[in-house]
$ cat my_file_6.txt   # compact mmCIF, N, CA and C atoms
# COMPACT_ATOMS: atom_id res chain seq x y z
N MET I 1001 -10.48 -5.22 -7.13
CA MET I 1001 -9.82 -5.36 -5.85
C MET I 1001 -9.07 -4.07 -5.54
N GLU I 1002 -9.31 -3.54 -4.36
CA GLU I 1002 -8.63 -2.32 -3.95
C GLU I 1002 -7.37 -2.66 -3.17
N ILE I 1003 -6.25 -2.10 -3.62
CA ILE I 1003 -4.95 -2.30 -2.98
C ILE I 1003 -4.43 -0.94 -2.52
N ALA I 1004 -4.02 -0.86 -1.26
CA ALA I 1004 -3.43 0.37 -0.73
C ALA I 1004 -1.92 0.30 -0.82
N VAL I 1005 -1.30 1.39 -1.26
CA VAL I 1005 0.15 1.48 -1.28
C VAL I 1005 0.58 2.69 -0.45
N ILE I 1006 1.53 2.43 0.42
CA ILE I 1006 2.05 3.44 1.35
C ILE I 1006 3.55 3.21 1.43
N ALA I 1007 4.31 4.29 1.53
CA ALA I 1007 5.76 4.14 1.70
C ALA I 1007 6.29 5.30 2.51
N HIS I 1008 7.11 4.98 3.49
CA HIS I 1008 7.83 6.03 4.21
C HIS I 1008 8.75 6.75 3.22
N ASP I 1009 9.17 7.94 3.57
CA ASP I 1009 9.97 8.77 2.65
C ASP I 1009 11.18 8.03 2.09
N GLY I 1010 11.88 7.30 2.93
CA GLY I 1010 13.07 6.58 2.48
C GLY I 1010 12.79 5.38 1.61
N LYS I 1011 11.51 5.03 1.44
CA LYS I 1011 11.12 3.86 0.66
C LYS I 1011 10.22 4.20 -0.54
N LYS I 1012 9.96 5.48 -0.77
CA LYS I 1012 9.06 5.86 -1.87
C LYS I 1012 9.62 5.46 -3.23
N ALA I 1013 10.90 5.65 -3.45
CA ALA I 1013 11.50 5.24 -4.73
C ALA I 1013 11.40 3.73 -4.91
N ASP I 1014 11.60 2.98 -3.83
CA ASP I 1014 11.46 1.52 -3.89
C ASP I 1014 10.02 1.14 -4.25
N MET I 1015 9.05 1.86 -3.70
CA MET I 1015 7.65 1.55 -3.99
C MET I 1015 7.35 1.80 -5.47
N VAL I 1016 7.83 2.92 -6.00
CA VAL I 1016 7.60 3.21 -7.43
C VAL I 1016 8.24 2.14 -8.30
N GLN I 1017 9.44 1.73 -7.95
CA GLN I 1017 10.11 0.64 -8.69
C GLN I 1017 9.28 -0.64 -8.63
N PHE I 1018 8.75 -0.95 -7.47
CA PHE I 1018 7.93 -2.13 -7.30
C PHE I 1018 6.66 -2.04 -8.16
N LEU I 1019 6.02 -0.89 -8.13
CA LEU I 1019 4.81 -0.70 -8.94
C LEU I 1019 5.12 -0.88 -10.42
N ASN I 1020 6.21 -0.27 -10.87
CA ASN I 1020 6.60 -0.40 -12.28
C ASN I 1020 6.90 -1.85 -12.64
N LYS I 1021 7.59 -2.56 -11.76
CA LYS I 1021 7.93 -3.96 -12.00
C LYS I 1021 6.68 -4.82 -12.13
N ASN I 1022 5.63 -4.45 -11.42
CA ASN I 1022 4.39 -5.22 -11.40
C ASN I 1022 3.24 -4.52 -12.12
N SER I 1023 3.58 -3.62 -13.02
CA SER I 1023 2.54 -2.81 -13.67
C SER I 1023 1.55 -3.64 -14.48
N ALA I 1024 1.99 -4.73 -15.07
CA ALA I 1024 1.06 -5.56 -15.86
C ALA I 1024 -0.08 -6.08 -14.99
N VAL I 1025 0.20 -6.37 -13.74
CA VAL I 1025 -0.84 -6.83 -12.81
C VAL I 1025 -1.59 -5.64 -12.24
N LEU I 1026 -0.87 -4.63 -11.80
CA LEU I 1026 -1.48 -3.53 -11.06
C LEU I 1026 -2.28 -2.56 -11.93
N LYS I 1027 -2.11 -2.63 -13.23
CA LYS I 1027 -2.90 -1.77 -14.12
C LYS I 1027 -4.09 -2.50 -14.74
N ARG I 1028 -4.37 -3.71 -14.25
CA ARG I 1028 -5.55 -4.43 -14.73
C ARG I 1028 -6.81 -3.67 -14.35
N GLU I 1029 -7.85 -3.86 -15.15
CA GLU I 1029 -9.09 -3.11 -14.98
C GLU I 1029 -9.72 -3.31 -13.60
N HIS I 1030 -9.65 -4.50 -13.04
CA HIS I 1030 -10.32 -4.76 -11.76
C HIS I 1030 -9.47 -4.38 -10.55
N ILE I 1031 -8.29 -3.83 -10.76
CA ILE I 1031 -7.42 -3.40 -9.66
C ILE I 1031 -7.57 -1.89 -9.48
N LYS I 1032 -7.86 -1.49 -8.26
CA LYS I 1032 -7.93 -0.07 -7.92
C LYS I 1032 -6.86 0.19 -6.87
N ILE I 1033 -6.03 1.20 -7.11
CA ILE I 1033 -4.97 1.54 -6.17
C ILE I 1033 -5.36 2.79 -5.40
N ILE I 1034 -5.23 2.71 -4.08
CA ILE I 1034 -5.35 3.89 -3.24
C ILE I 1034 -3.99 4.07 -2.57
N ALA I 1035 -3.72 5.29 -2.14
CA ALA I 1035 -2.40 5.56 -1.54
C ALA I 1035 -2.48 6.78 -0.64
N THR I 1036 -1.53 6.86 0.27
CA THR I 1036 -1.37 8.09 1.02
C THR I 1036 -0.86 9.16 0.05
N GLY I 1037 -0.99 10.41 0.42
CA GLY I 1037 -0.78 11.53 -0.48
C GLY I 1037 0.48 11.55 -1.32
N THR I 1038 1.63 11.61 -0.69
CA THR I 1038 2.87 11.74 -1.44
C THR I 1038 3.20 10.46 -2.21
N THR I 1039 2.96 9.32 -1.60
CA THR I 1039 3.19 8.06 -2.30
C THR I 1039 2.28 7.99 -3.53
N GLY I 1040 1.04 8.42 -3.37
CA GLY I 1040 0.10 8.45 -4.49
C GLY I 1040 0.55 9.37 -5.60
N SER I 1041 1.08 10.52 -5.25
CA SER I 1041 1.57 11.46 -6.27
C SER I 1041 2.72 10.86 -7.05
N LYS I 1042 3.60 10.17 -6.36
CA LYS I 1042 4.73 9.53 -7.05
C LYS I 1042 4.25 8.38 -7.94
N ALA I 1043 3.25 7.64 -7.49
CA ALA I 1043 2.69 6.56 -8.31
C ALA I 1043 2.00 7.14 -9.55
N GLU I 1044 1.30 8.24 -9.38
CA GLU I 1044 0.66 8.90 -10.53
C GLU I 1044 1.70 9.36 -11.54
N ALA I 1045 2.78 9.93 -11.04
CA ALA I 1045 3.85 10.40 -11.94
C ALA I 1045 4.46 9.24 -12.72
N ALA I 1046 4.36 8.02 -12.18
CA ALA I 1046 4.87 6.84 -12.87
C ALA I 1046 3.82 6.23 -13.81
N GLY I 1047 2.65 6.86 -13.90
CA GLY I 1047 1.63 6.42 -14.85
C GLY I 1047 0.51 5.58 -14.27
N PHE I 1048 0.39 5.51 -12.96
CA PHE I 1048 -0.67 4.72 -12.33
C PHE I 1048 -1.85 5.61 -11.99
N LYS I 1049 -3.05 5.06 -12.12
CA LYS I 1049 -4.26 5.76 -11.68
C LYS I 1049 -4.43 5.46 -10.20
N VAL I 1050 -4.48 6.51 -9.39
CA VAL I 1050 -4.46 6.35 -7.94
C VAL I 1050 -5.51 7.26 -7.30
N LYS I 1051 -6.21 6.72 -6.32
CA LYS I 1051 -7.06 7.55 -5.47
C LYS I 1051 -6.22 7.91 -4.26
N LYS I 1052 -5.96 9.21 -4.11
CA LYS I 1052 -5.07 9.66 -3.04
C LYS I 1052 -5.84 10.04 -1.78
N MET I 1053 -5.31 9.60 -0.66
CA MET I 1053 -5.78 9.98 0.65
C MET I 1053 -4.89 11.12 1.15
N LEU I 1054 -5.05 11.51 2.39
CA LEU I 1054 -4.15 12.49 2.99
C LEU I 1054 -2.76 11.88 3.11
N SER I 1055 -1.76 12.70 3.35
CA SER I 1055 -0.43 12.15 3.61
C SER I 1055 -0.49 11.39 4.93
N GLY I 1056 0.44 10.46 5.11
CA GLY I 1056 0.44 9.62 6.32
C GLY I 1056 0.37 10.41 7.61
N PRO I 1057 1.29 11.37 7.83
CA PRO I 1057 1.28 12.12 9.09
C PRO I 1057 0.03 12.98 9.29
N GLN I 1058 -0.71 13.26 8.22
CA GLN I 1058 -1.92 14.07 8.33
C GLN I 1058 -3.19 13.22 8.43
N GLY I 1059 -3.03 11.90 8.52
CA GLY I 1059 -4.18 11.03 8.71
C GLY I 1059 -4.44 10.04 7.59
N GLY I 1060 -3.59 10.00 6.58
CA GLY I 1060 -3.79 9.07 5.46
C GLY I 1060 -3.74 7.61 5.88
N ASP I 1061 -2.85 7.28 6.82
CA ASP I 1061 -2.79 5.90 7.31
C ASP I 1061 -4.12 5.53 7.97
N ALA I 1062 -4.68 6.46 8.73
CA ALA I 1062 -5.96 6.21 9.40
C ALA I 1062 -7.09 6.09 8.38
N GLN I 1063 -7.06 6.90 7.33
CA GLN I 1063 -8.09 6.78 6.29
C GLN I 1063 -8.05 5.40 5.64
N ILE I 1064 -6.86 4.92 5.36
CA ILE I 1064 -6.73 3.60 4.74
C ILE I 1064 -7.17 2.52 5.73
N ALA I 1065 -6.82 2.67 7.00
CA ALA I 1065 -7.28 1.71 8.01
C ALA I 1065 -8.80 1.66 8.05
N GLY I 1066 -9.44 2.80 7.92
CA GLY I 1066 -10.90 2.84 7.88
C GLY I 1066 -11.45 2.06 6.70
N ARG I 1067 -10.81 2.18 5.55
CA ARG I 1067 -11.25 1.44 4.36
C ARG I 1067 -11.04 -0.06 4.53
N VAL I 1068 -9.97 -0.43 5.22
CA VAL I 1068 -9.74 -1.86 5.53
C VAL I 1068 -10.88 -2.35 6.43
N ALA I 1069 -11.19 -1.58 7.48
CA ALA I 1069 -12.24 -1.97 8.42
C ALA I 1069 -13.61 -2.06 7.74
N GLU I 1070 -13.85 -1.23 6.74
CA GLU I 1070 -15.12 -1.24 6.00
C GLU I 1070 -15.18 -2.37 4.97
N GLY I 1071 -14.07 -3.07 4.77
CA GLY I 1071 -14.05 -4.16 3.79
C GLY I 1071 -13.79 -3.71 2.37
N LYS I 1072 -13.38 -2.46 2.18
CA LYS I 1072 -13.13 -1.93 0.84
C LYS I 1072 -11.71 -2.27 0.35
N THR I 1073 -10.74 -2.10 1.21
CA THR I 1073 -9.34 -2.36 0.85
C THR I 1073 -9.01 -3.81 1.20
N LYS I 1074 -8.52 -4.55 0.20
CA LYS I 1074 -8.32 -6.00 0.36
C LYS I 1074 -6.86 -6.39 0.51
N MET I 1075 -5.93 -5.43 0.32
CA MET I 1075 -4.50 -5.71 0.46
C MET I 1075 -3.80 -4.38 0.74
N VAL I 1076 -2.80 -4.43 1.62
CA VAL I 1076 -2.02 -3.23 1.94
C VAL I 1076 -0.54 -3.53 1.71
N LEU I 1077 0.09 -2.69 0.91
CA LEU I 1077 1.53 -2.76 0.67
C LEU I 1077 2.13 -1.51 1.31
N PHE I 1078 2.80 -1.67 2.42
CA PHE I 1078 3.32 -0.54 3.19
C PHE I 1078 4.82 -0.73 3.35
N PHE I 1079 5.60 -0.05 2.52
CA PHE I 1079 7.05 -0.17 2.61
C PHE I 1079 7.53 0.74 3.74
N LYS I 1080 7.78 0.11 4.89
CA LYS I 1080 8.23 0.84 6.08
C LYS I 1080 9.74 1.03 6.02
N ASP I 1081 10.19 2.13 6.57
CA ASP I 1081 11.62 2.39 6.70
C ASP I 1081 12.00 2.12 8.16
N PRO I 1082 12.57 0.95 8.43
CA PRO I 1082 12.86 0.59 9.82
C PRO I 1082 14.04 1.36 10.42
N LEU I 1083 14.76 2.10 9.60
CA LEU I 1083 15.94 2.81 10.08
C LEU I 1083 15.67 4.27 10.41
N SER I 1084 14.43 4.70 10.30
CA SER I 1084 14.08 6.09 10.60
C SER I 1084 12.94 6.11 11.62
N SER I 1085 12.89 7.20 12.40
CA SER I 1085 11.76 7.35 13.32
C SER I 1085 10.64 8.08 12.60
N HIS I 1086 9.42 7.81 13.01
CA HIS I 1086 8.25 8.38 12.35
C HIS I 1086 7.30 8.94 13.40
N PRO I 1087 6.97 10.23 13.30
CA PRO I 1087 6.14 10.86 14.33
C PRO I 1087 4.72 10.29 14.39
N HIS I 1088 4.27 9.65 13.33
CA HIS I 1088 2.91 9.10 13.31
C HIS I 1088 2.92 7.58 13.48
N GLU I 1089 3.87 7.08 14.26
CA GLU I 1089 4.02 5.63 14.47
C GLU I 1089 2.75 5.00 15.05
N ALA I 1090 2.00 5.75 15.86
CA ALA I 1090 0.75 5.22 16.41
C ALA I 1090 -0.24 4.90 15.29
N ASP I 1091 -0.30 5.75 14.26
CA ASP I 1091 -1.20 5.49 13.13
C ASP I 1091 -0.74 4.26 12.35
N VAL I 1092 0.56 4.11 12.20
CA VAL I 1092 1.11 2.95 11.49
C VAL I 1092 0.73 1.67 12.23
N ASN I 1093 0.92 1.68 13.55
CA ASN I 1093 0.58 0.50 14.35
C ASN I 1093 -0.91 0.21 14.31
N MET I 1094 -1.73 1.26 14.28
CA MET I 1094 -3.18 1.08 14.19
C MET I 1094 -3.55 0.43 12.86
N LEU I 1095 -2.92 0.85 11.77
CA LEU I 1095 -3.19 0.26 10.46
C LEU I 1095 -2.81 -1.22 10.46
N ILE I 1096 -1.67 -1.54 11.01
CA ILE I 1096 -1.23 -2.94 11.08
C ILE I 1096 -2.23 -3.76 11.91
N ARG I 1097 -2.67 -3.21 13.01
CA ARG I 1097 -3.64 -3.90 13.87
C ARG I 1097 -4.95 -4.14 13.13
N VAL I 1098 -5.45 -3.13 12.42
CA VAL I 1098 -6.72 -3.26 11.69
C VAL I 1098 -6.59 -4.33 10.60
N CYS I 1099 -5.45 -4.37 9.94
CA CYS I 1099 -5.24 -5.43 8.93
C CYS I 1099 -5.28 -6.80 9.59
N ASP I 1100 -4.68 -6.92 10.76
CA ASP I 1100 -4.69 -8.19 11.48
C ASP I 1100 -6.11 -8.56 11.92
N VAL I 1101 -6.83 -7.60 12.47
CA VAL I 1101 -8.20 -7.86 12.95
C VAL I 1101 -9.10 -8.32 11.80
N HIS I 1102 -8.95 -7.71 10.63
CA HIS I 1102 -9.82 -8.00 9.49
C HIS I 1102 -9.22 -9.00 8.51
N ASN I 1103 -8.10 -9.60 8.89
CA ASN I 1103 -7.46 -10.65 8.09
C ASN I 1103 -7.16 -10.17 6.66
N VAL I 1104 -6.62 -8.96 6.56
CA VAL I 1104 -6.25 -8.37 5.27
C VAL I 1104 -4.74 -8.51 5.09
N PRO I 1105 -4.31 -9.07 3.96
CA PRO I 1105 -2.86 -9.23 3.72
C PRO I 1105 -2.14 -7.88 3.78
N LEU I 1106 -1.02 -7.87 4.50
CA LEU I 1106 -0.22 -6.67 4.69
C LEU I 1106 1.24 -7.01 4.47
N ALA I 1107 1.88 -6.30 3.57
CA ALA I 1107 3.32 -6.47 3.35
C ALA I 1107 4.01 -5.19 3.79
N THR I 1108 5.08 -5.33 4.57
CA THR I 1108 5.81 -4.15 5.03
C THR I 1108 7.18 -4.03 4.36
N ASN I 1109 7.44 -4.91 3.38
CA ASN I 1109 8.69 -4.80 2.64
C ASN I 1109 8.47 -5.38 1.23
N GLU I 1110 9.42 -5.13 0.35
CA GLU I 1110 9.25 -5.52 -1.05
C GLU I 1110 9.16 -7.03 -1.24
N ALA I 1111 9.95 -7.79 -0.51
CA ALA I 1111 9.94 -9.24 -0.68
C ALA I 1111 8.56 -9.82 -0.38
N THR I 1112 7.96 -9.38 0.71
CA THR I 1112 6.63 -9.88 1.08
C THR I 1112 5.57 -9.38 0.10
N ALA I 1113 5.71 -8.13 -0.33
CA ALA I 1113 4.76 -7.58 -1.31
C ALA I 1113 4.79 -8.39 -2.60
N GLN I 1114 5.98 -8.78 -3.04
CA GLN I 1114 6.09 -9.56 -4.27
C GLN I 1114 5.44 -10.93 -4.10
N LEU I 1115 5.63 -11.54 -2.93
CA LEU I 1115 4.98 -12.83 -2.66
C LEU I 1115 3.46 -12.69 -2.72
N LEU I 1116 2.92 -11.61 -2.16
CA LEU I 1116 1.47 -11.39 -2.21
C LEU I 1116 0.98 -11.23 -3.64
N ILE I 1117 1.66 -10.40 -4.40
CA ILE I 1117 1.26 -10.18 -5.80
C ILE I 1117 1.35 -11.49 -6.58
N ASN I 1118 2.44 -12.20 -6.43
CA ASN I 1118 2.60 -13.47 -7.14
C ASN I 1118 1.51 -14.47 -6.74
N GLY I 1119 1.28 -14.58 -5.45
CA GLY I 1119 0.31 -15.54 -4.95
C GLY I 1119 -1.12 -15.21 -5.34
N MET I 1120 -1.45 -13.95 -5.37
CA MET I 1120 -2.83 -13.57 -5.63
C MET I 1120 -3.14 -13.44 -7.13
N PHE I 1121 -2.14 -13.08 -7.92
CA PHE I 1121 -2.45 -12.74 -9.31
C PHE I 1121 -1.69 -13.56 -10.35
N ILE I 1122 -0.51 -14.02 -10.03
CA ILE I 1122 0.31 -14.69 -11.04
C ILE I 1122 0.20 -16.20 -10.91
N ASN I 1123 0.27 -16.71 -9.70
CA ASN I 1123 0.27 -18.15 -9.49
C ASN I 1123 -1.13 -18.73 -9.32
N SER I 1124 -2.15 -17.90 -9.46
CA SER I 1124 -3.51 -18.41 -9.23
C SER I 1124 -4.22 -18.73 -10.52

$ encode --input "my_file_6.txt" --output "structure tokens"
Amino acid sequence: MEIAVIAHDGKKADMVQFLNKNSAVLKREHIKIIATGTTGSKAEAAGFKVKKMLSGPQGGDAQIAGRVAEGKTKMVLFFKDPLSSHPHEADVNMLIRVCDVHNVPLATNEATAQLLINGMFINS
């Protein structure tokens, strides 16, 4: 199962903490993690194997949306920072829309991401 992880700058540390907290699930053989560039680099530094896309503002969000539309990415964990403005907000909204169109689970905060991980991998 391919899971995308994305985090705005103010949420990257939270994403790494989340990945570490759930490493037993996320490092399973059948789990593949993809990420936008900088988030992916931080996940790699924490010991995760990650396929990195471009950074979000350079088109990484759009690349991940394409993978969702192709049926490759089955879950998106996108820790958004609601207190900051983002110049690539149109790409973020497009990714959210594509997840909705293709019925792909999308979490935009840690609480929802944990519910998805628990529901898909721990409680099943």

$ closest_residue --input "my_file_6.txt" --among "I:Leu1026, I:Ile1096, I:Leu1083, I:Ala1045" --to "Met1120 in chain I" --atoms "only C-alpha atoms"
I:Leu1026

$ select_by_dssp --input "my_file_6.txt" --residues "chain I" --states "strand (DSSP E or B)" --output "ChimeraX atom specification"
/I:1002-1007,1032-1035,1050-1052,1073-1079,1106-1107

$ atom_distance --input "my_file_6.txt" --atom1 "CA of Ile1003 in chain I" --atom2 "atom C of Glu1110 in chain I"
15.0 Å

$ residues_around --input "my_file_6.txt" --residues "range 1098-1107 of chain I" --least-positions-apart "2" --cutoff "7 Å" --atoms "only C-alpha atoms" --output "count of residues only"
14

$ select_by_dssp --input "my_file_6.txt" --residues "chain I" --states "alpha helix (DSSP H)" --output "ChimeraX atom specification"
/I:1012-1021,1023-1026,1037-1045,1060-1069,1089-1101,1110-1117

$ atom_distance --input "my_file_6.txt" --atom1 "CA of Glu1044 in chain I" --atom2 "atom C of Asp1009 in chain I"
16.5 Å

$ atom_distance --input "my_file_6.txt" --atom1 "CA of Gly1071 in chain I" --atom2 "CA of Ala1004 in chain I"
12.4 Å

$ closest_residue --input "my_file_6.txt" --among "I:Ala1111, I:Ala1090, I:Met1001, I:Ile1034" --to "Lys1052 in chain I" --atoms "all atoms listed in the file"
I:Ile1034

$ residues_around --input "my_file_6.txt" --residues "Glu1029 in chain I" --least-positions-apart "2" --cutoff "12 Å" --atoms "only C-alpha atoms" --output "list in words"
Met1001, Glu1002, Ser1023, Ala1024, Val1025, Leu1026, Lys1027, Ile1031, Lys1032, Ile1033, Phe1048 and Lys1049 of chain I

$ closest_residue --input "my_file_6.txt" --among "I:Val1050, I:His1088, I:Gly1119, I:Gly1040" --to "Ala1007 in chain I" --atoms "all atoms listed in the file"
I:Gly1040

$ closest_residue --input "my_file_6.txt" --among "I:Val1092, I:Ala1035, I:Ile1122, I:Ile1064" --to "Thr1108 in chain I" --atoms "only C-alpha atoms"
I:Val1092
